[in-house]
Amino acid sequence: MSSPKGRNPNHPKPGSIIRVEPIRDVKAIGRIKKLLADHPRNHALFVLGINTAFRAGDLLRVRVGQVRGLAPGDMLAVREEKTGKARAVVLNHQALEAIQRLIEASPDKDDDDLLFTGTRGSMTVQYVNRLVKAWCADVGLHRENYGSHSFRKTWGYHQRVTYRTDLPVLMDAFGHSTQRQTLSYLGITTDEVRQCYMNGL
């Protein structure tokens, strides 16, 4: 039976909370990179997204001239759309290699052009949401909800879990006011509490 006109049966109920998860599995990250290897734009968007703490909307406003000629360890600064504040991050080898491949694949782009564009010009966060969901599904990630915000959360999750970055550092990167907020944002509060009970004495 079809749903009433204008109503999506999969749309969340009013007032419900949609939680977007980080990509916790490092092997799944590798599978997505491999999946996107022949598509420089999508590969660069994914790699830059999971290697910075930028929101997807801020990534989509980066221009070619901001990243052309940068070296690992150089800074990329953007003005955050949500807060209006300038935020700068250090770009690592992975991010810059992906950016360089994209620039080489787009030789007609000028410094004033957006780094990430679609066939109709600028991209939207909604479109990136659909891309991320499709990429995750294609590599077998079906149990959690993923979207454009998974970029930022994946970066933070692995900074904390994989690299053991101190919480105060991550709090500053995300602009959070408490450690509990950061842990909850990254979806690892329950994991860390569970693990502490497994530590034998």
# chains A, B, ... in the order shown; residues from 1 in each chain; ligands from 1
>>> residues_around(residues="A:Val139", least_positions_apart="6", cutoff="10 Å", atoms="only C-alpha atoms", output="ChimeraX atom specification")
/A:27-32,34-35
>>> select_by_dssp(residues="stretch 5-168 of chain A", states="strand (DSSP E)", output="ChimeraX atom specification")
/A:75-79,86-90,117-118,121-122
>>> atom_distance(atom1="atom CA of A:Asp110", atom2="atom CA of A:Lys82")
26.8 Å
>>> residues_around(residues="A:Met171", least_positions_apart="6", cutoff="9 Å", atoms="only C-alpha atoms", output="NGL selection string")
:A and (177-179 or 181-182)
>>> residues_around(residues="A:Ser122", least_positions_apart="2", cutoff="12 Å", atoms="only C-alpha atoms", output="PDB file with C-alpha atoms, in the first residue's frame")
ATOM      1  CA  GLY A  57      29.319  22.106   4.503  1.00  0.00           C
ATOM      2  CA  LEU A  59      34.548  21.344   3.097  1.00  0.00           C
ATOM      3  CA  LEU A  60      32.246  22.131   0.195  1.00  0.00           C
ATOM      4  CA  ARG A  61      33.228  25.817   0.389  1.00  0.00           C
ATOM      5  CA  VAL A  62      36.988  25.185   0.096  1.00  0.00           C
ATOM      6  CA  ARG A  63      38.455  26.717  -3.058  1.00  0.00           C
ATOM      7  CA  ASP A 113      36.844  27.699  -8.234  1.00  0.00           C
ATOM      8  CA  LEU A 114      35.347  25.401  -5.623  1.00  0.00           C
ATOM      9  CA  LEU A 115      37.467  22.317  -4.992  1.00  0.00           C
ATOM     10  CA  PHE A 116      34.440  20.010  -4.906  1.00  0.00           C
ATOM     11  CA  THR A 117      31.846  20.420  -7.652  1.00  0.00           C
ATOM     12  CA  GLY A 118      29.241  18.312  -9.384  1.00  0.00           C
ATOM     13  CA  THR A 119      27.897  18.274 -12.907  1.00  0.00           C
ATOM     14  CA  ARG A 120      25.570  21.162 -11.996  1.00  0.00           C
ATOM     15  CA  THR A 124      25.105  20.272  -1.316  1.00  0.00           C
ATOM     16  CA  VAL A 125      25.411  18.602   2.064  1.00  0.00           C
ATOM     17  CA  GLN A 126      22.276  16.607   1.237  1.00  0.00           C
ATOM     18  CA  TYR A 127      24.007  15.195  -1.826  1.00  0.00           C
ATOM     19  CA  VAL A 128      27.084  14.308   0.225  1.00  0.00           C
TER      20      VAL A 128
END
>>> residues_around(residues="A:Leu141", least_positions_apart="4", cutoff="12 Å", atoms="only C-alpha atoms", output="compact mmCIF listing (two decimals) with N, CA and C atoms, in the first residue's frame")
# COMPACT_ATOMS: atom_id res chain seq x y z
N GLU A 21 26.54 7.96 12.83
CA GLU A 21 27.65 7.29 13.49
C GLU A 21 28.98 7.50 12.76
N PRO A 22 30.09 7.39 13.50
CA PRO A 22 31.41 7.35 12.85
C PRO A 22 31.62 6.00 12.19
N ILE A 23 32.55 5.95 11.27
CA ILE A 23 32.95 4.67 10.67
C ILE A 23 34.05 4.11 11.56
N ARG A 24 33.70 3.16 12.41
CA ARG A 24 34.62 2.67 13.42
C ARG A 24 35.65 1.66 12.88
N ASP A 25 35.27 0.92 11.86
CA ASP A 25 36.10 -0.16 11.34
C ASP A 25 37.15 0.40 10.37
N LYS A 27 39.22 -1.21 8.57
CA LYS A 27 39.21 -1.96 7.31
C LYS A 27 38.11 -1.46 6.39
N ALA A 28 36.98 -1.05 6.96
CA ALA A 28 35.89 -0.51 6.14
C ALA A 28 36.32 0.82 5.51
N ILE A 29 37.08 1.61 6.25
CA ILE A 29 37.61 2.86 5.69
C ILE A 29 38.49 2.54 4.49
N ARG A 31 38.28 -0.05 2.59
CA ARG A 31 37.44 -0.55 1.48
C ARG A 31 36.78 0.62 0.75
N ILE A 32 36.36 1.64 1.49
CA ILE A 32 35.75 2.80 0.85
C ILE A 32 36.78 3.55 0.01
N VAL A 132 27.66 9.33 1.01
CA VAL A 132 28.25 8.60 2.14
C VAL A 132 27.43 7.36 2.46
N LYS A 133 26.11 7.50 2.47
CA LYS A 133 25.25 6.34 2.75
C LYS A 133 25.49 5.24 1.72
N ALA A 134 25.62 5.63 0.45
CA ALA A 134 25.83 4.65 -0.62
C ALA A 134 27.20 3.98 -0.48
N TRP A 135 28.23 4.78 -0.20
CA TRP A 135 29.57 4.20 -0.05
C TRP A 135 29.60 3.19 1.08
N CYS A 136 29.00 3.56 2.20
CA CYS A 136 29.00 2.67 3.36
C CYS A 136 28.24 1.38 3.06
N ALA A 137 27.10 1.53 2.40
CA ALA A 137 26.32 0.34 2.04
C ALA A 137 27.10 -0.56 1.09
N ASN A 145 23.60 4.17 11.08
CA ASN A 145 23.21 5.26 10.19
C ASN A 145 24.43 6.13 9.89
N TYR A 146 24.72 6.33 8.62
CA TYR A 146 25.87 7.12 8.21
C TYR A 146 25.41 8.29 7.34
N GLY A 147 26.21 9.33 7.32
CA GLY A 147 25.89 10.51 6.52
C GLY A 147 27.09 11.42 6.46
>>> atom_distance(atom1="atom CA of A:Gly49", atom2="atom CA of A:Phe151")
4.8 Å
>>> decode(residues="stretch 37-48 of chain A", atoms="N, CA, C and O atoms", output="mmCIF file, in the first residue's frame")
data_model
loop_
_atom_site.group_PDB
_atom_site.id
_atom_site.type_symbol
_atom_site.label_atom_id
_atom_site.label_comp_id
_atom_site.auth_asym_id
_atom_site.auth_seq_id
_atom_site.Cartn_x
_atom_site.Cartn_y
_atom_site.Cartn_z
ATOM 1 N N ALA A 37 38.766 4.887 -5.476
ATOM 2 C CA ALA A 37 40.104 5.161 -6.005
ATOM 3 C C ALA A 37 40.090 5.725 -7.421
ATOM 4 O O ALA A 37 40.945 6.548 -7.776
ATOM 5 N N ASP A 38 39.122 5.324 -8.238
ATOM 6 C CA ASP A 38 39.068 5.784 -9.627
ATOM 7 C C ASP A 38 38.190 7.017 -9.818
ATOM 8 O O ASP A 38 37.913 7.415 -10.953
ATOM 9 N N HIS A 39 37.753 7.615 -8.712
ATOM 10 C CA HIS A 39 36.915 8.817 -8.781
ATOM 11 C C HIS A 39 37.569 9.887 -7.899
ATOM 12 O O HIS A 39 37.274 9.983 -6.712
ATOM 13 N N PRO A 40 38.484 10.692 -8.480
ATOM 14 C CA PRO A 40 39.278 11.638 -7.680
ATOM 15 C C PRO A 40 38.466 12.577 -6.797
ATOM 16 O O PRO A 40 38.862 12.852 -5.660
ATOM 17 N N ARG A 41 37.312 13.060 -7.284
ATOM 18 C CA ARG A 41 36.530 13.990 -6.457
ATOM 19 C C ARG A 41 35.991 13.302 -5.214
ATOM 20 O O ARG A 41 36.150 13.789 -4.089
ATOM 21 N N ASN A 42 35.346 12.163 -5.396
ATOM 22 C CA ASN A 42 34.768 11.465 -4.251
ATOM 23 C C ASN A 42 35.850 10.954 -3.306
ATOM 24 O O ASN A 42 35.690 10.997 -2.080
ATOM 25 N N HIS A 43 36.945 10.478 -3.871
ATOM 26 C CA HIS A 43 38.048 9.997 -3.040
ATOM 27 C C HIS A 43 38.616 11.130 -2.192
ATOM 28 O O HIS A 43 38.839 10.983 -0.983
ATOM 29 N N ALA A 44 38.829 12.298 -2.813
ATOM 30 C CA ALA A 44 39.374 13.442 -2.075
ATOM 31 C C ALA A 44 38.393 13.933 -1.014
ATOM 32 O O ALA A 44 38.796 14.299 0.098
ATOM 33 N N LEU A 45 37.111 13.951 -1.342
ATOM 34 C CA LEU A 45 36.107 14.393 -0.380
ATOM 35 C C LEU A 45 36.095 13.483 0.839
ATOM 36 O O LEU A 45 36.066 13.949 1.989
ATOM 37 N N PHE A 46 36.133 12.180 0.598
ATOM 38 C CA PHE A 46 36.125 11.220 1.703
ATOM 39 C C PHE A 46 37.401 11.329 2.541
ATOM 40 O O PHE A 46 37.340 11.429 3.773
ATOM 41 N N VAL A 47 38.554 11.337 1.877
ATOM 42 C CA VAL A 47 39.827 11.343 2.601
ATOM 43 C C VAL A 47 40.013 12.651 3.368
ATOM 44 O O VAL A 47 40.444 12.650 4.527
ATOM 45 N N LEU A 48 39.689 13.775 2.737
ATOM 46 C CA LEU A 48 39.804 15.051 3.446
ATOM 47 C C LEU A 48 38.810 15.106 4.598
ATOM 48 O O LEU A 48 39.125 15.591 5.687
#
